[in-house]
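See below for model20.cif, which holds mmCIF, C-alpha atoms; chains and numbers go by the auth columns.
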```cif
data_work
loop_
_atom_site.group_PDB
_atom_site.id
_atom_site.type_symbol
_atom_site.label_atom_id
_atom_site.label_comp_id
_atom_site.label_asym_id
_atom_site.label_seq_id
_atom_site.Cartn_x
_atom_site.Cartn_y
_atom_site.Cartn_z
_atom_site.B_iso_or_equiv
_atom_site.auth_seq_id
_atom_site.auth_asym_id
ATOM 1 C CA GLY A 1 10.281 8.585 -2.357 0.00 1 O
ATOM 2 C CA ALA A 2 8.053 9.793 0.412 0.00 2 O
ATOM 3 C CA VAL A 3 8.158 13.444 1.416 0.00 3 O
ATOM 4 C CA GLY A 4 10.080 13.635 4.687 0.00 4 O
ATOM 5 C CA GLY A 5 11.814 10.287 4.146 0.00 5 O
ATOM 6 C CA PRO A 6 10.886 6.618 4.534 0.00 6 O
ATOM 7 C CA LYS A 7 7.809 5.666 6.544 0.00 7 O
ATOM 8 C CA TYR A 8 7.286 2.428 8.494 0.00 8 O
ATOM 9 C CA GLY A 9 4.393 0.966 10.396 0.00 9 O
ATOM 10 C CA GLU A 10 2.787 -2.124 11.811 0.00 10 O
ATOM 11 C CA SER A 11 -0.928 -2.888 11.926 0.00 11 O
ATOM 12 C CA HIS A 12 -3.574 -5.492 11.170 0.00 12 O
ATOM 13 C CA VAL A 13 -6.492 -5.576 8.784 0.00 13 O
ATOM 14 C CA ASN A 14 -9.658 -7.455 9.659 0.00 14 O
ATOM 15 C CA ALA A 15 -11.086 -10.245 7.521 0.00 15 O
ATOM 16 C CA GLY A 16 -12.720 -8.943 4.357 0.00 16 O
ATOM 17 C CA SER A 17 -11.736 -5.362 5.215 0.00 17 O
ATOM 18 C CA SER A 18 -9.246 -2.767 4.059 0.00 18 O
ATOM 19 C CA ASP A 19 -6.881 -0.210 5.573 0.00 19 O
ATOM 20 C CA LEU A 20 -6.161 3.188 4.019 0.00 20 O
ATOM 21 C CA TYR A 21 -3.079 5.360 4.394 0.00 21 O
ATOM 22 C CA GLU A 22 -2.278 8.760 2.923 0.00 22 O
ATOM 23 C CA VAL A 23 1.335 9.308 1.891 0.00 23 O
ATOM 24 C CA ASN A 24 2.910 12.279 0.130 0.00 24 O
ATOM 25 C CA PHE A 25 5.374 11.265 -2.583 0.00 25 O
ATOM 26 C CA LYS A 26 7.823 13.471 -4.498 0.00 26 O
ATOM 27 C CA ALA A 27 7.495 14.131 -8.241 0.00 27 O
ATOM 28 C CA GLY A 28 10.036 12.439 -10.479 0.00 28 O
ATOM 29 C CA GLU A 29 11.411 10.138 -7.765 0.00 29 O
ATOM 30 C CA SER A 30 10.818 6.399 -7.709 0.00 30 O
ATOM 31 C CA ALA A 31 8.230 5.620 -5.029 0.00 31 O
ATOM 32 C CA MET A 32 7.941 2.210 -3.376 0.00 32 O
ATOM 33 C CA VAL A 33 5.407 0.696 -0.983 0.00 33 O
ATOM 34 C CA ILE A 34 6.046 -2.690 0.627 0.00 34 O
ATOM 35 C CA VAL A 35 3.612 -4.782 2.694 0.00 35 O
ATOM 36 C CA VAL A 36 4.620 -8.001 4.463 0.00 36 O
ATOM 37 C CA GLY A 37 1.762 -9.961 6.002 0.00 37 O
ATOM 38 C CA ASP A 38 1.746 -12.695 8.641 0.00 38 O
ATOM 39 C CA GLY A 39 0.988 -15.478 6.129 0.00 39 O
ATOM 40 C CA ASP A 40 -2.618 -16.097 7.188 0.00 40 O
ATOM 41 C CA THR A 41 -4.487 -14.535 4.251 0.00 41 O
ATOM 42 C CA ASP A 42 -4.105 -12.955 0.814 0.00 42 O
ATOM 43 C CA LEU A 43 -3.404 -9.216 0.987 0.00 43 O
ATOM 44 C CA ASP A 44 -3.669 -6.935 -2.043 0.00 44 O
ATOM 45 C CA LEU A 45 -2.066 -3.509 -2.328 0.00 45 O
ATOM 46 C CA TYR A 46 -3.371 -0.577 -4.383 0.00 46 O
ATOM 47 C CA VAL A 47 -2.047 2.988 -4.722 0.00 47 O
ATOM 48 C CA TYR A 48 -4.243 5.842 -6.008 0.00 48 O
ATOM 49 C CA ASP A 49 -3.297 9.423 -6.873 0.00 49 O
ATOM 50 C CA ASN A 50 -5.192 12.455 -5.567 0.00 50 O
ATOM 51 C CA ASN A 51 -7.674 12.119 -8.457 0.00 51 O
ATOM 52 C CA GLY A 52 -8.542 8.553 -7.441 0.00 52 O
ATOM 53 C CA THR A 53 -6.678 7.038 -10.405 0.00 53 O
ATOM 54 C CA LEU A 54 -5.021 3.692 -9.752 0.00 54 O
ATOM 55 C CA VAL A 55 -1.256 4.141 -10.284 0.00 55 O
ATOM 56 C CA ALA A 56 0.103 0.833 -8.940 0.00 56 O
ATOM 57 C CA ARG A 57 -1.121 -2.511 -7.622 0.00 57 O
ATOM 58 C CA ASP A 58 0.025 -5.901 -6.379 0.00 58 O
ATOM 59 C CA ALA A 59 -2.983 -8.206 -6.426 0.00 59 O
ATOM 60 C CA ASP A 60 -1.482 -11.688 -6.502 0.00 60 O
ATOM 61 C CA TYR A 61 -2.395 -14.526 -4.120 0.00 61 O
ATOM 62 C CA THR A 62 0.165 -13.847 -1.364 0.00 62 O
ATOM 63 C CA ASP A 63 0.378 -11.396 1.508 0.00 63 O
ATOM 64 C CA ASP A 64 3.757 -10.010 0.448 0.00 64 O
ATOM 65 C CA CYS A 65 3.186 -6.965 -1.763 0.00 65 O
ATOM 66 C CA VAL A 66 5.553 -4.542 -3.494 0.00 66 O
ATOM 67 C CA VAL A 67 4.704 -1.693 -5.873 0.00 67 O
ATOM 68 C CA THR A 68 6.871 0.954 -7.481 0.00 68 O
ATOM 69 C CA PHE A 69 5.848 3.999 -9.499 0.00 69 O
ATOM 70 C CA THR A 70 7.143 7.468 -10.351 0.00 70 O
ATOM 71 C CA PRO A 71 4.750 10.308 -9.484 0.00 71 O
ATOM 72 C CA ARG A 72 4.324 13.040 -12.099 0.00 72 O
ATOM 73 C CA ARG A 73 3.720 15.629 -9.366 0.00 73 O
ATOM 74 C CA THR A 74 4.397 15.866 -5.677 0.00 74 O
ATOM 75 C CA GLY A 75 1.247 15.137 -3.767 0.00 75 O
ATOM 76 C CA LYS A 76 -0.925 12.921 -1.651 0.00 76 O
ATOM 77 C CA PHE A 77 -1.455 9.280 -2.615 0.00 77 O
ATOM 78 C CA THR A 78 -3.843 6.799 -1.017 0.00 78 O
ATOM 79 C CA VAL A 79 -2.418 3.398 -0.151 0.00 79 O
ATOM 80 C CA LYS A 80 -5.080 0.707 0.241 0.00 80 O
ATOM 81 C CA ILE A 81 -4.431 -2.728 1.747 0.00 81 O
ATOM 82 C CA VAL A 82 -7.232 -5.256 1.194 0.00 82 O
ATOM 83 C CA ASN A 83 -7.557 -8.487 3.184 0.00 83 O
ATOM 84 C CA ARG A 84 -9.132 -11.148 0.947 0.00 84 O
ATOM 85 C CA GLY A 85 -9.232 -13.755 3.728 0.00 85 O
ATOM 86 C CA SER A 86 -11.607 -14.899 6.459 0.00 86 O
ATOM 87 C CA VAL A 87 -9.319 -14.002 9.417 0.00 87 O
ATOM 88 C CA TYR A 88 -7.326 -10.888 10.299 0.00 88 O
ATOM 89 C CA ASN A 89 -3.786 -10.383 8.992 0.00 89 O
ATOM 90 C CA SER A 90 -1.028 -8.558 10.889 0.00 90 O
ATOM 91 C CA TYR A 91 1.356 -6.760 8.556 0.00 91 O
ATOM 92 C CA LEU A 92 4.312 -4.428 8.263 0.00 92 O
ATOM 93 C CA ILE A 93 4.185 -1.544 5.810 0.00 93 O
ATOM 94 C CA GLY A 94 7.005 0.639 4.551 0.00 94 O
ATOM 95 C CA THR A 95 7.794 3.279 1.957 0.00 95 O
ATOM 96 C CA ASN A 96 11.079 4.564 0.599 0.00 96 O
#
```

Translate this file's structure into C-alpha cells.
Amino acid sequence: GAVGGPKYGESHVNAGSSDLYEVNFKAGESAMVIVVGDGDTDLDLYVYDNNGTLVARDADYTDDCVVTFTPRRTGKFTVKIVNRGSVYNSYLIGTN
C-alpha cells in the first residue's frame, strides 16, 4: 500500500487532458489505485514507476478504473488519469 496509509482525493480533469499524482508505495505490498468518475466521459488510469515504466493500467471505455500491482522497491510512482472525452469529468481517487 501507500507509504503513510491510504490516500483519498477529489478533483476534475478537463476534456482531452490528464492529471498527474505522485504516490510512494511500499515494496512487496499489494498497491491499489481506484478512480471513480462522474459518468460523463471515458477516463483511463496509468501507473508508472520512477523509471517511467508502465506498471499498471485500466484503459477500458468507462470512467471507473482500478489497478493493482506489487512494487519491487519502495518508491515514488506516477499516477496518470486521462480524460478521453470532450467535457470535464469530476472524479474521486483513492489508494490503499

Carefully work through the PyMOL selection byres ((chain O and resi 79) around 12) for this structure and note down the residues it includes, as a VMD selection string. chain O and resid 18 to 25 31 to 35 44 to 50 52 to 58 65 to 67 76 to 78 80 to 82 93 to 95

Listed atoms of range 67-82 of chain O boxed axis-aligned with 5 Å per side, centre + edges as JSON:
```
{"center_x": 0.0, "center_y": 5.3, "center_z": -5.2, "size_x": 24.4, "size_y": 31.1, "size_z": 23.8}
```

Name every residue that the PyMOL selection byres ((chain O and resi 89) around 7) selects in this structure, writing the answer as a ChimeraX atom specification with chains first and numbers rising. /O:12-14,37-38,40-41,87-88,90-91

Atom pair CA of Thr74 in chain O / CA of Leu43 in chain O: separation (Å): 27.1 Å

Which residues match the PyMOL selection byres ((chain O and resi 70) around 6) in the file above, as a CSV table (one decimal) with C-alpha atoms, in the coordinates of the input?
```
chain,number,residue,atom,x,y,z
O,28,GLY,CA,10.0,12.4,-10.5
O,29,GLU,CA,11.4,10.1,-7.8
O,30,SER,CA,10.8,6.4,-7.7
O,31,ALA,CA,8.2,5.6,-5.0
O,69,PHE,CA,5.8,4.0,-9.5
O,71,PRO,CA,4.8,10.3,-9.5
```

Please indicate the distance in Å from CA of Lys26 in chain O to CA of Glu10 in chain O, rounded to one decimal place.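 Computed distance, CA of Lys26 in chain O to CA of Glu10 in chain O, equals 23.1 Å.
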
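The spacing separating CA of Ala59 in chain O from CA of Pro6 in chain O amounts to 23.1 Å.
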
Choose the residue, out of O:Asn96, O:Gly4, O:Gly75, O:Asp42, that has the smallest atom-to-atom separation from Gly16 in chain O; count all atoms listed in the file.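 The closest residue to Gly16 in chain O is O:Asp42.
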
With all heavy atoms as the goal, would you fill in the gaps in range 46-57 of chain O and present it as a PDB file, keeping the file's coordinate frame?
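Once written, result_38.pdb looks like this:
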```pdb
ATOM      1  N   TYR O  46      -3.007  -1.510  -3.319  1.00  0.00           N
ATOM      2  CA  TYR O  46      -3.371  -0.577  -4.383  1.00  0.00           C
ATOM      3  C   TYR O  46      -2.899   0.821  -3.990  1.00  0.00           C
ATOM      4  O   TYR O  46      -3.002   1.202  -2.821  1.00  0.00           O
ATOM      5  CB  TYR O  46      -4.885  -0.550  -4.588  1.00  0.00           C
ATOM      6  CG  TYR O  46      -5.480  -1.898  -4.887  1.00  0.00           C
ATOM      7  CD1 TYR O  46      -5.930  -2.723  -3.865  1.00  0.00           C
ATOM      8  CD2 TYR O  46      -5.587  -2.354  -6.197  1.00  0.00           C
ATOM      9  CE1 TYR O  46      -6.470  -3.978  -4.135  1.00  0.00           C
ATOM     10  CE2 TYR O  46      -6.123  -3.593  -6.482  1.00  0.00           C
ATOM     11  CZ  TYR O  46      -6.569  -4.407  -5.442  1.00  0.00           C
ATOM     12  OH  TYR O  46      -7.089  -5.644  -5.714  1.00  0.00           O
ATOM     13  N   VAL O  47      -2.430   1.599  -4.967  1.00  0.00           N
ATOM     14  CA  VAL O  47      -2.047   2.988  -4.722  1.00  0.00           C
ATOM     15  C   VAL O  47      -2.794   3.868  -5.720  1.00  0.00           C
ATOM     16  O   VAL O  47      -2.782   3.601  -6.927  1.00  0.00           O
ATOM     17  CB  VAL O  47      -0.525   3.199  -4.863  1.00  0.00           C
ATOM     18  CG1 VAL O  47      -0.177   4.662  -4.622  1.00  0.00           C
ATOM     19  CG2 VAL O  47       0.245   2.301  -3.894  1.00  0.00           C
ATOM     20  N   TYR O  48      -3.448   4.914  -5.200  1.00  0.00           N
ATOM     21  CA  TYR O  48      -4.243   5.842  -6.008  1.00  0.00           C
ATOM     22  C   TYR O  48      -3.673   7.249  -5.867  1.00  0.00           C
ATOM     23  O   TYR O  48      -3.243   7.642  -4.779  1.00  0.00           O
ATOM     24  CB  TYR O  48      -5.701   5.857  -5.531  1.00  0.00           C
ATOM     25  CG  TYR O  48      -6.377   4.521  -5.597  1.00  0.00           C
ATOM     26  CD1 TYR O  48      -6.334   3.642  -4.519  1.00  0.00           C
ATOM     27  CD2 TYR O  48      -7.059   4.122  -6.743  1.00  0.00           C
ATOM     28  CE1 TYR O  48      -6.959   2.395  -4.577  1.00  0.00           C
ATOM     29  CE2 TYR O  48      -7.685   2.881  -6.801  1.00  0.00           C
ATOM     30  CZ  TYR O  48      -7.627   2.029  -5.720  1.00  0.00           C
ATOM     31  OH  TYR O  48      -8.237   0.807  -5.783  1.00  0.00           O
ATOM     32  N   ASP O  49      -3.719   8.023  -6.957  1.00  0.00           N
ATOM     33  CA  ASP O  49      -3.297   9.423  -6.873  1.00  0.00           C
ATOM     34  C   ASP O  49      -4.424  10.268  -6.293  1.00  0.00           C
ATOM     35  O   ASP O  49      -5.491   9.745  -5.943  1.00  0.00           O
ATOM     36  CB  ASP O  49      -2.807   9.947  -8.236  1.00  0.00           C
ATOM     37  CG  ASP O  49      -3.889  10.045  -9.293  1.00  0.00           C
ATOM     38  OD1 ASP O  49      -5.107   9.969  -8.973  1.00  0.00           O
ATOM     39  OD2 ASP O  49      -3.531  10.202 -10.468  1.00  0.00           O
ATOM     40  N   ASN O  50      -4.194  11.583  -6.198  1.00  0.00           N
ATOM     41  CA  ASN O  50      -5.192  12.455  -5.567  1.00  0.00           C
ATOM     42  C   ASN O  50      -6.463  12.633  -6.397  1.00  0.00           C
ATOM     43  O   ASN O  50      -7.436  13.199  -5.929  1.00  0.00           O
ATOM     44  CB  ASN O  50      -4.585  13.810  -5.189  1.00  0.00           C
ATOM     45  CG  ASN O  50      -4.085  14.580  -6.393  1.00  0.00           C
ATOM     46  OD1 ASN O  50      -4.025  14.059  -7.507  1.00  0.00           O
ATOM     47  ND2 ASN O  50      -3.703  15.814  -6.173  1.00  0.00           N
ATOM     48  N   ASN O  51      -6.465  12.114  -7.629  1.00  0.00           N
ATOM     49  CA  ASN O  51      -7.674  12.119  -8.457  1.00  0.00           C
ATOM     50  C   ASN O  51      -8.428  10.798  -8.366  1.00  0.00           C
ATOM     51  O   ASN O  51      -9.435  10.611  -9.044  1.00  0.00           O
ATOM     52  CB  ASN O  51      -7.328  12.394  -9.923  1.00  0.00           C
ATOM     53  CG  ASN O  51      -6.771  13.779 -10.122  1.00  0.00           C
ATOM     54  OD1 ASN O  51      -7.273  14.743  -9.542  1.00  0.00           O
ATOM     55  ND2 ASN O  51      -5.736  13.887 -10.921  1.00  0.00           N
ATOM     56  N   GLY O  52      -7.910   9.860  -7.572  1.00  0.00           N
ATOM     57  CA  GLY O  52      -8.542   8.553  -7.441  1.00  0.00           C
ATOM     58  C   GLY O  52      -8.160   7.574  -8.537  1.00  0.00           C
ATOM     59  O   GLY O  52      -8.755   6.508  -8.642  1.00  0.00           O
ATOM     60  N   THR O  53      -7.142   7.913  -9.330  1.00  0.00           N
ATOM     61  CA  THR O  53      -6.678   7.038 -10.405  1.00  0.00           C
ATOM     62  C   THR O  53      -5.698   6.017  -9.853  1.00  0.00           C
ATOM     63  O   THR O  53      -4.749   6.378  -9.147  1.00  0.00           O
ATOM     64  CB  THR O  53      -5.993   7.864 -11.511  1.00  0.00           C
ATOM     65  OG1 THR O  53      -6.924   8.841 -11.987  1.00  0.00           O
ATOM     66  CG2 THR O  53      -5.540   6.990 -12.655  1.00  0.00           C
ATOM     67  N   LEU O  54      -5.924   4.753 -10.178  1.00  0.00           N
ATOM     68  CA  LEU O  54      -5.021   3.692  -9.752  1.00  0.00           C
ATOM     69  C   LEU O  54      -3.678   3.864 -10.453  1.00  0.00           C
ATOM     70  O   LEU O  54      -3.621   3.925 -11.679  1.00  0.00           O
ATOM     71  CB  LEU O  54      -5.617   2.328 -10.094  1.00  0.00           C
ATOM     72  CG  LEU O  54      -4.799   1.097  -9.699  1.00  0.00           C
ATOM     73  CD1 LEU O  54      -4.706   0.971  -8.187  1.00  0.00           C
ATOM     74  CD2 LEU O  54      -5.442  -0.145 -10.308  1.00  0.00           C
ATOM     75  N   VAL O  55      -2.584   3.954  -9.687  1.00  0.00           N
ATOM     76  CA  VAL O  55      -1.256   4.141 -10.284  1.00  0.00           C
ATOM     77  C   VAL O  55      -0.366   2.926 -10.102  1.00  0.00           C
ATOM     78  O   VAL O  55       0.629   2.781 -10.822  1.00  0.00           O
ATOM     79  CB  VAL O  55      -0.551   5.408  -9.742  1.00  0.00           C
ATOM     80  CG1 VAL O  55      -1.320   6.659 -10.146  1.00  0.00           C
ATOM     81  CG2 VAL O  55      -0.352   5.350  -8.246  1.00  0.00           C
ATOM     82  N   ALA O  56      -0.693   2.045  -9.155  1.00  0.00           N
ATOM     83  CA  ALA O  56       0.103   0.833  -8.940  1.00  0.00           C
ATOM     84  C   ALA O  56      -0.720  -0.179  -8.159  1.00  0.00           C
ATOM     85  O   ALA O  56      -1.579   0.200  -7.354  1.00  0.00           O
ATOM     86  CB  ALA O  56       1.384   1.160  -8.190  1.00  0.00           C
ATOM     87  N   ARG O  57      -0.428  -1.478  -8.392  1.00  0.00           N
ATOM     88  CA  ARG O  57      -1.121  -2.511  -7.622  1.00  0.00           C
ATOM     89  C   ARG O  57      -0.302  -3.789  -7.588  1.00  0.00           C
ATOM     90  O   ARG O  57       0.485  -4.077  -8.495  1.00  0.00           O
ATOM     91  CB  ARG O  57      -2.501  -2.797  -8.183  1.00  0.00           C
ATOM     92  CG  ARG O  57      -2.482  -3.586  -9.468  1.00  0.00           C
ATOM     93  CD  ARG O  57      -3.882  -3.998  -9.876  1.00  0.00           C
ATOM     94  NE  ARG O  57      -3.830  -4.555 -11.216  1.00  0.00           N
ATOM     95  CZ  ARG O  57      -4.729  -4.353 -12.134  1.00  0.00           C
ATOM     96  NH1 ARG O  57      -5.769  -3.608 -11.869  1.00  0.00           N
ATOM     97  NH2 ARG O  57      -4.606  -4.887 -13.308  1.00  0.00           N
TER      98      ARG O  57
END
```
